[in-house]
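Peer 1: One structure, pasted below without further comment.
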Amino acid sequence: MEIYYYGNKVYQLSYALPIYQKLGGTFVVHSFKKFLDFKRIFRKKNNNPSFFNHFKPTTFLNTPPVKILRSENHWKLNGTIIYCCNRLDLNSPYKGKTVYLEHGISDKPVGISESTDAIERLKKYDIILLSSPKNRIKYLESSKEISESKFKKIGFFKFDQYQRLYELRERELKRLKIKDTSRKNILYAPTWEFGNGTFEKYGKKFAKEISREFNLIIRLHSNDIKLTKDFKNWLKSNLIENVYFSNLINIKACMN
């Protein structure tokens with residue numbers, strides 16, 4: 001059975017990469033621009049054979065296989081489609097199985113307004129993959145109508161990768177251009193404002209206080225990257241050091 005992986009944004013697909021490396025499959029994007037982004041970001045990530053496939057298909061730039069298919073046509077796919085964002089089509093009868101794999105772990109509620117259909121999408125998936133106990137709690141708080149049989153515990157694959165790659169810590173310190181490597185590092189990765197993100201409310205306070213003793217690494221949500229330039233200017237004008245930004249678009253570090 002074919003497996004497909006869909007992300008509304010290319011960086012979301014990195015959460016499916018550990019599954020692809022085990023099971024194979026095809027990634028799906030919704031536009032030619034996203035196709036080009038995928039080729040650029042996922043180049044040379046097709047080296048290891050999967051458990052079921054002892055070889056990987058040859059592709060341009062040696063990326064995992066990828067195809068362009070608009071979301072309203074996903075229902076036509078034969079096989080299993082794993083959504084790395086909550087974009088399942090409520091109006092179409094899918095031929096295959098649908099799986100939800102949330103891109104990240106957060107307290108962000110399901111849906112950002114009362115009129116959203118995000119909860120209805122959540123209830124329609126055949127399987128919901130749980131990366132942590134609080135994912136299950138969050139989903140059940142959003143809707144009591146989700147069947148317990150839909151939940152499958154898998155753990156947080158990207159954190160598993162982080163643990164295996166800990167020996168590359170020195171490389172990452174150089175990539176982030178951290179000056180004082182004797183300090184401990186703290187990662188601050190808030191979601192964006194519509195998900196109750198805290199960056200605009202607490203970012204400057206955290207930068208002032210945490211940077212006195214630690215290195216603060218800030219990883220903004222893609223919808224808040226636009227705030228980076230002004231924040232860096234504020235750091236410079238206030239002579240605040242030991243604060244660094246990790247660009248989530250550069251996902252290569254977590255895919256080795």
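If you're wondering about the labels, chains in the structure tokens are A, B, ... by order shown, residues count from 1 in each chain, ligands from 1 in order shown.
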Mind checking DSSP for range 2-209 of chain A and telling me the alpha helix (DSSP H) residues as a PDB file with N, CA and C atoms, in the first residue's frame?
Peer 2:
ATOM      1  N   LEU A  17       9.609  12.729   7.932  1.00  0.00           N
ATOM      2  CA  LEU A  17      10.804  12.115   7.372  1.00  0.00           C
ATOM      3  C   LEU A  17      11.227  10.837   8.100  1.00  0.00           C
ATOM      4  N   PRO A  18      11.181  10.776   9.443  1.00  0.00           N
ATOM      5  CA  PRO A  18      11.550   9.515  10.112  1.00  0.00           C
ATOM      6  C   PRO A  18      10.655   8.342   9.712  1.00  0.00           C
ATOM      7  N   ILE A  19       9.367   8.620   9.440  1.00  0.00           N
ATOM      8  CA  ILE A  19       8.466   7.553   8.996  1.00  0.00           C
ATOM      9  C   ILE A  19       8.848   7.125   7.579  1.00  0.00           C
ATOM     10  N   TYR A  20       9.113   8.113   6.722  1.00  0.00           N
ATOM     11  CA  TYR A  20       9.515   7.800   5.351  1.00  0.00           C
ATOM     12  C   TYR A  20      10.772   6.944   5.328  1.00  0.00           C
ATOM     13  N   GLN A  21      11.733   7.268   6.192  1.00  0.00           N
ATOM     14  CA  GLN A  21      12.988   6.528   6.205  1.00  0.00           C
ATOM     15  C   GLN A  21      12.790   5.074   6.607  1.00  0.00           C
ATOM     16  N   LYS A  22      11.704   4.784   7.311  1.00  0.00           N
ATOM     17  CA  LYS A  22      11.390   3.399   7.690  1.00  0.00           C
ATOM     18  C   LYS A  22      10.478   2.711   6.673  1.00  0.00           C
ATOM     19  N   LEU A  23       9.499   3.444   6.152  1.00  0.00           N
ATOM     20  CA  LEU A  23       8.441   2.820   5.360  1.00  0.00           C
ATOM     21  C   LEU A  23       8.420   3.227   3.897  1.00  0.00           C
ATOM     22  N   PHE A  32       3.780  24.326  -7.507  1.00  0.00           N
ATOM     23  CA  PHE A  32       5.111  24.174  -8.097  1.00  0.00           C
ATOM     24  C   PHE A  32       6.166  24.875  -7.246  1.00  0.00           C
ATOM     25  N   LYS A  33       5.803  25.998  -6.651  1.00  0.00           N
ATOM     26  CA  LYS A  33       6.746  26.701  -5.771  1.00  0.00           C
ATOM     27  C   LYS A  33       7.143  25.810  -4.586  1.00  0.00           C
ATOM     28  N   LYS A  34       6.145  25.137  -3.980  1.00  0.00           N
ATOM     29  CA  LYS A  34       6.442  24.240  -2.871  1.00  0.00           C
ATOM     30  C   LYS A  34       7.285  23.055  -3.341  1.00  0.00           C
ATOM     31  N   PHE A  35       7.050  22.614  -4.572  1.00  0.00           N
ATOM     32  CA  PHE A  35       7.842  21.540  -5.160  1.00  0.00           C
ATOM     33  C   PHE A  35       9.312  21.941  -5.223  1.00  0.00           C
ATOM     34  N   LEU A  36       9.578  23.154  -5.693  1.00  0.00           N
ATOM     35  CA  LEU A  36      10.955  23.643  -5.785  1.00  0.00           C
ATOM     36  C   LEU A  36      11.563  23.800  -4.390  1.00  0.00           C
ATOM     37  N   ASP A  37      10.765  24.298  -3.437  1.00  0.00           N
ATOM     38  CA  ASP A  37      11.245  24.419  -2.057  1.00  0.00           C
ATOM     39  C   ASP A  37      11.613  23.048  -1.493  1.00  0.00           C
ATOM     40  N   PHE A  38      10.767  22.057  -1.777  1.00  0.00           N
ATOM     41  CA  PHE A  38      11.023  20.700  -1.297  1.00  0.00           C
ATOM     42  C   PHE A  38      12.336  20.177  -1.870  1.00  0.00           C
ATOM     43  N   LYS A  39      12.544  20.370  -3.150  1.00  0.00           N
ATOM     44  CA  LYS A  39      13.767  19.901  -3.798  1.00  0.00           C
ATOM     45  C   LYS A  39      15.006  20.561  -3.201  1.00  0.00           C
ATOM     46  N   ARG A  40      14.874  21.836  -2.872  1.00  0.00           N
ATOM     47  CA  ARG A  40      16.011  22.569  -2.301  1.00  0.00           C
ATOM     48  C   ARG A  40      16.301  22.110  -0.878  1.00  0.00           C
ATOM     49  N   ILE A  41      15.269  21.984  -0.066  1.00  0.00           N
ATOM     50  CA  ILE A  41      15.463  21.693   1.349  1.00  0.00           C
ATOM     51  C   ILE A  41      15.755  20.221   1.613  1.00  0.00           C
ATOM     52  N   ALA A 118     -11.690  22.960  12.069  1.00  0.00           N
ATOM     53  CA  ALA A 118     -10.530  22.143  12.429  1.00  0.00           C
ATOM     54  C   ALA A 118     -10.919  20.954  13.289  1.00  0.00           C
ATOM     55  N   ILE A 119     -11.846  21.160  14.217  1.00  0.00           N
ATOM     56  CA  ILE A 119     -12.268  20.055  15.097  1.00  0.00           C
ATOM     57  C   ILE A 119     -13.028  19.005  14.298  1.00  0.00           C
ATOM     58  N   GLU A 120     -13.836  19.436  13.340  1.00  0.00           N
ATOM     59  CA  GLU A 120     -14.555  18.483  12.505  1.00  0.00           C
ATOM     60  C   GLU A 120     -13.580  17.650  11.672  1.00  0.00           C
ATOM     61  N   ARG A 121     -12.510  18.282  11.209  1.00  0.00           N
ATOM     62  CA  ARG A 121     -11.475  17.531  10.492  1.00  0.00           C
ATOM     63  C   ARG A 121     -10.844  16.497  11.406  1.00  0.00           C
ATOM     64  N   LEU A 122     -10.550  16.918  12.621  1.00  0.00           N
ATOM     65  CA  LEU A 122      -9.904  16.020  13.579  1.00  0.00           C
ATOM     66  C   LEU A 122     -10.746  14.768  13.814  1.00  0.00           C
ATOM     67  N   LYS A 123     -12.048  14.946  13.869  1.00  0.00           N
ATOM     68  CA  LYS A 123     -12.957  13.824  14.124  1.00  0.00           C
ATOM     69  C   LYS A 123     -13.066  12.873  12.924  1.00  0.00           C
ATOM     70  N   LYS A 124     -12.692  13.358  11.742  1.00  0.00           N
ATOM     71  CA  LYS A 124     -12.857  12.545  10.541  1.00  0.00           C
ATOM     72  C   LYS A 124     -11.660  11.652  10.232  1.00  0.00           C
ATOM     73  N   PRO A 133       1.511  12.424  25.790  1.00  0.00           N
ATOM     74  CA  PRO A 133       0.218  12.327  26.494  1.00  0.00           C
ATOM     75  C   PRO A 133      -0.610  13.596  26.397  1.00  0.00           C
ATOM     76  N   LYS A 134       0.059  14.751  26.374  1.00  0.00           N
ATOM     77  CA  LYS A 134      -0.728  15.990  26.363  1.00  0.00           C
ATOM     78  C   LYS A 134      -1.410  16.227  25.023  1.00  0.00           C
ATOM     79  N   ASN A 135      -0.899  15.597  23.932  1.00  0.00           N
ATOM     80  CA  ASN A 135      -1.623  15.679  22.665  1.00  0.00           C
ATOM     81  C   ASN A 135      -3.008  15.074  22.815  1.00  0.00           C
ATOM     82  N   ARG A 136      -3.076  13.917  23.427  1.00  0.00           N
ATOM     83  CA  ARG A 136      -4.354  13.237  23.618  1.00  0.00           C
ATOM     84  C   ARG A 136      -5.304  14.079  24.471  1.00  0.00           C
ATOM     85  N   ILE A 137      -4.768  14.651  25.546  1.00  0.00           N
ATOM     86  CA  ILE A 137      -5.588  15.488  26.425  1.00  0.00           C
ATOM     87  C   ILE A 137      -6.130  16.691  25.663  1.00  0.00           C
ATOM     88  N   LYS A 138      -5.266  17.321  24.861  1.00  0.00           N
ATOM     89  CA  LYS A 138      -5.685  18.497  24.099  1.00  0.00           C
ATOM     90  C   LYS A 138      -6.792  18.152  23.110  1.00  0.00           C
ATOM     91  N   TYR A 139      -6.646  17.028  22.402  1.00  0.00           N
ATOM     92  CA  TYR A 139      -7.652  16.648  21.423  1.00  0.00           C
ATOM     93  C   TYR A 139      -8.983  16.317  22.082  1.00  0.00           C
ATOM     94  N   LEU A 140      -8.929  15.608  23.205  1.00  0.00           N
ATOM     95  CA  LEU A 140     -10.165  15.229  23.888  1.00  0.00           C
ATOM     96  C   LEU A 140     -10.839  16.439  24.522  1.00  0.00           C
ATOM     97  N   GLU A 141     -10.047  17.433  24.943  1.00  0.00           N
ATOM     98  CA  GLU A 141     -10.638  18.660  25.463  1.00  0.00           C
ATOM     99  C   GLU A 141     -11.315  19.447  24.351  1.00  0.00           C
ATOM    100  N   SER A 142     -10.793  19.296  23.126  1.00  0.00           N
ATOM    101  CA  SER A 142     -11.389  19.996  21.985  1.00  0.00           C
ATOM    102  C   SER A 142     -12.678  19.330  21.542  1.00  0.00           C
ATOM    103  N   PHE A 157       9.153  11.511  17.121  1.00  0.00           N
ATOM    104  CA  PHE A 157      10.275  11.039  16.323  1.00  0.00           C
ATOM    105  C   PHE A 157      11.397  12.060  16.208  1.00  0.00           C
ATOM    106  N   LYS A 158      11.042  13.335  16.062  1.00  0.00           N
ATOM    107  CA  LYS A 158      12.090  14.333  15.868  1.00  0.00           C
ATOM    108  C   LYS A 158      12.948  14.497  17.120  1.00  0.00           C
ATOM    109  N   PHE A 159      12.349  14.304  18.294  1.00  0.00           N
ATOM    110  CA  PHE A 159      13.161  14.373  19.510  1.00  0.00           C
ATOM    111  C   PHE A 159      14.061  13.151  19.601  1.00  0.00           C
ATOM    112  N   ASP A 160      13.573  12.000  19.131  1.00  0.00           N
ATOM    113  CA  ASP A 160      14.416  10.807  19.084  1.00  0.00           C
ATOM    114  C   ASP A 160      15.636  11.075  18.215  1.00  0.00           C
ATOM    115  N   GLN A 161      15.416  11.769  17.099  1.00  0.00           N
ATOM    116  CA  GLN A 161      16.534  12.125  16.226  1.00  0.00           C
ATOM    117  C   GLN A 161      17.513  13.043  16.949  1.00  0.00           C
ATOM    118  N   TYR A 162      16.965  13.997  17.688  1.00  0.00           N
ATOM    119  CA  TYR A 162      17.818  14.925  18.422  1.00  0.00           C
ATOM    120  C   TYR A 162      18.725  14.172  19.397  1.00  0.00           C
ATOM    121  N   GLN A 163      18.169  13.202  20.096  1.00  0.00           N
ATOM    122  CA  GLN A 163      18.964  12.435  21.039  1.00  0.00           C
ATOM    123  C   GLN A 163      20.086  11.680  20.332  1.00  0.00           C
ATOM    124  N   ARG A 164      19.772  11.116  19.154  1.00  0.00           N
ATOM    125  CA  ARG A 164      20.796  10.372  18.421  1.00  0.00           C
ATOM    126  C   ARG A 164      21.870  11.296  17.865  1.00  0.00           C
ATOM    127  N   ARG A 169      26.510  18.226  18.580  1.00  0.00           N
ATOM    128  CA  ARG A 169      26.233  19.473  19.306  1.00  0.00           C
ATOM    129  C   ARG A 169      27.221  20.580  18.923  1.00  0.00           C
ATOM    130  N   GLU A 170      28.490  20.237  18.833  1.00  0.00           N
ATOM    131  CA  GLU A 170      29.498  21.255  18.520  1.00  0.00           C
ATOM    132  C   GLU A 170      29.250  21.865  17.146  1.00  0.00           C
ATOM    133  N   ARG A 171      28.801  21.033  16.214  1.00  0.00           N
ATOM    134  CA  ARG A 171      28.511  21.540  14.879  1.00  0.00           C
ATOM    135  C   ARG A 171      27.380  22.550  14.916  1.00  0.00           C
ATOM    136  N   GLU A 172      26.343  22.254  15.742  1.00  0.00           N
ATOM    137  CA  GLU A 172      25.197  23.144  15.824  1.00  0.00           C
ATOM    138  C   GLU A 172      25.554  24.451  16.522  1.00  0.00           C
ATOM    139  N   LEU A 173      26.426  24.389  17.508  1.00  0.00           N
ATOM    140  CA  LEU A 173      26.873  25.614  18.165  1.00  0.00           C
ATOM    141  C   LEU A 173      27.580  26.527  17.171  1.00  0.00           C
ATOM    142  N   LYS A 174      28.354  25.936  16.273  1.00  0.00           N
ATOM    143  CA  LYS A 174      29.041  26.729  15.258  1.00  0.00           C
ATOM    144  C   LYS A 174      28.041  27.278  14.242  1.00  0.00           C
ATOM    145  N   ARG A 175      27.048  26.451  13.885  1.00  0.00           N
ATOM    146  CA  ARG A 175      26.059  26.899  12.900  1.00  0.00           C
ATOM    147  C   ARG A 175      25.275  28.098  13.410  1.00  0.00           C
ATOM    148  N   PHE A 199       5.559  35.353  22.107  1.00  0.00           N
ATOM    149  CA  PHE A 199       6.780  36.080  21.757  1.00  0.00           C
ATOM    150  C   PHE A 199       6.643  37.590  21.914  1.00  0.00           C
ATOM    151  N   GLU A 200       5.580  38.168  21.366  1.00  0.00           N
ATOM    152  CA  GLU A 200       5.428  39.619  21.442  1.00  0.00           C
ATOM    153  C   GLU A 200       5.173  40.087  22.871  1.00  0.00           C
ATOM    154  N   LYS A 201       4.648  39.216  23.694  1.00  0.00           N
ATOM    155  CA  LYS A 201       4.357  39.582  25.078  1.00  0.00           C
ATOM    156  C   LYS A 201       5.581  39.412  25.990  1.00  0.00           C
ATOM    157  N   TYR A 202       6.333  38.344  25.784  1.00  0.00           N
ATOM    158  CA  TYR A 202       7.419  38.016  26.711  1.00  0.00           C
ATOM    159  C   TYR A 202       8.813  37.976  26.082  1.00  0.00           C
ATOM    160  N   GLY A 203       8.907  38.102  24.751  1.00  0.00           N
ATOM    161  CA  GLY A 203      10.194  37.957  24.086  1.00  0.00           C
ATOM    162  C   GLY A 203      11.280  38.863  24.639  1.00  0.00           C
ATOM    163  N   LYS A 204      10.983  40.151  24.800  1.00  0.00           N
ATOM    164  CA  LYS A 204      12.000  41.091  25.288  1.00  0.00           C
ATOM    165  C   LYS A 204      12.348  40.825  26.750  1.00  0.00           C
ATOM    166  N   LYS A 205      11.341  40.468  27.536  1.00  0.00           N
ATOM    167  CA  LYS A 205      11.580  40.164  28.948  1.00  0.00           C
ATOM    168  C   LYS A 205      12.490  38.929  29.083  1.00  0.00           C
ATOM    169  N   PHE A 206      12.205  37.893  28.301  1.00  0.00           N
ATOM    170  CA  PHE A 206      13.036  36.686  28.332  1.00  0.00           C
ATOM    171  C   PHE A 206      14.457  36.998  27.887  1.00  0.00           C
ATOM    172  N   ALA A 207      14.576  37.798  26.815  1.00  0.00           N
ATOM    173  CA  ALA A 207      15.899  38.130  26.291  1.00  0.00           C
ATOM    174  C   ALA A 207      16.738  38.868  27.341  1.00  0.00           C
ATOM    175  N   LYS A 208      16.117  39.818  28.041  1.00  0.00           N
ATOM    176  CA  LYS A 208      16.839  40.579  29.057  1.00  0.00           C
ATOM    177  C   LYS A 208      17.302  39.696  30.206  1.00  0.00           C
ATOM    178  N   GLU A 209      16.390  38.861  30.710  1.00  0.00           N
ATOM    179  CA  GLU A 209      16.674  38.109  31.936  1.00  0.00           C
ATOM    180  C   GLU A 209      17.471  36.831  31.678  1.00  0.00           C
TER     181      GLU A 209
END
Peer 1: As a list in words, which residues of range 51-86 of chain A does DSSP assign to strand (DSSP E)?
Peer 2: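 Written out, the strand (DSSP E) residues of range 51-86 of chain A are Val66, Lys67, Ile68, Thr80, Ile81, Ile82 and Tyr83 of chain A.
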Peer 1: Any idea what's packed within 12 Å of Ile210 in chain A, counting only C-alpha atoms, ignoring anything in its chain fewer than 4 positions away? Could you give it as a list in words?
Peer 2: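 The residues satisfying every condition are Arg183, Lys184, Asn185, Ile186, Leu187, Tyr188, Tyr202, Gly203, Lys204, Lys205, Phe206, Phe214, Asn215, Leu216, Ile217, Ile218, Ile240, Glu241, Asn242, Val243 and Tyr244 of chain A.
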Peer 1: What is the distance, in Å and to one decimal place, between CA of Lys150 in chain A and CA of Gly24 in chain A?
Peer 2: 22.8 Å
Peer 1: Counting only C-alpha atoms, which residue out of A:Pro65, A:Thr58, A:Asn73, A:Gln12 sits closest to Leu90 in chain A?
Peer 2: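 That would be A:Asn73, the residue with the smallest distance to Leu90 in chain A.
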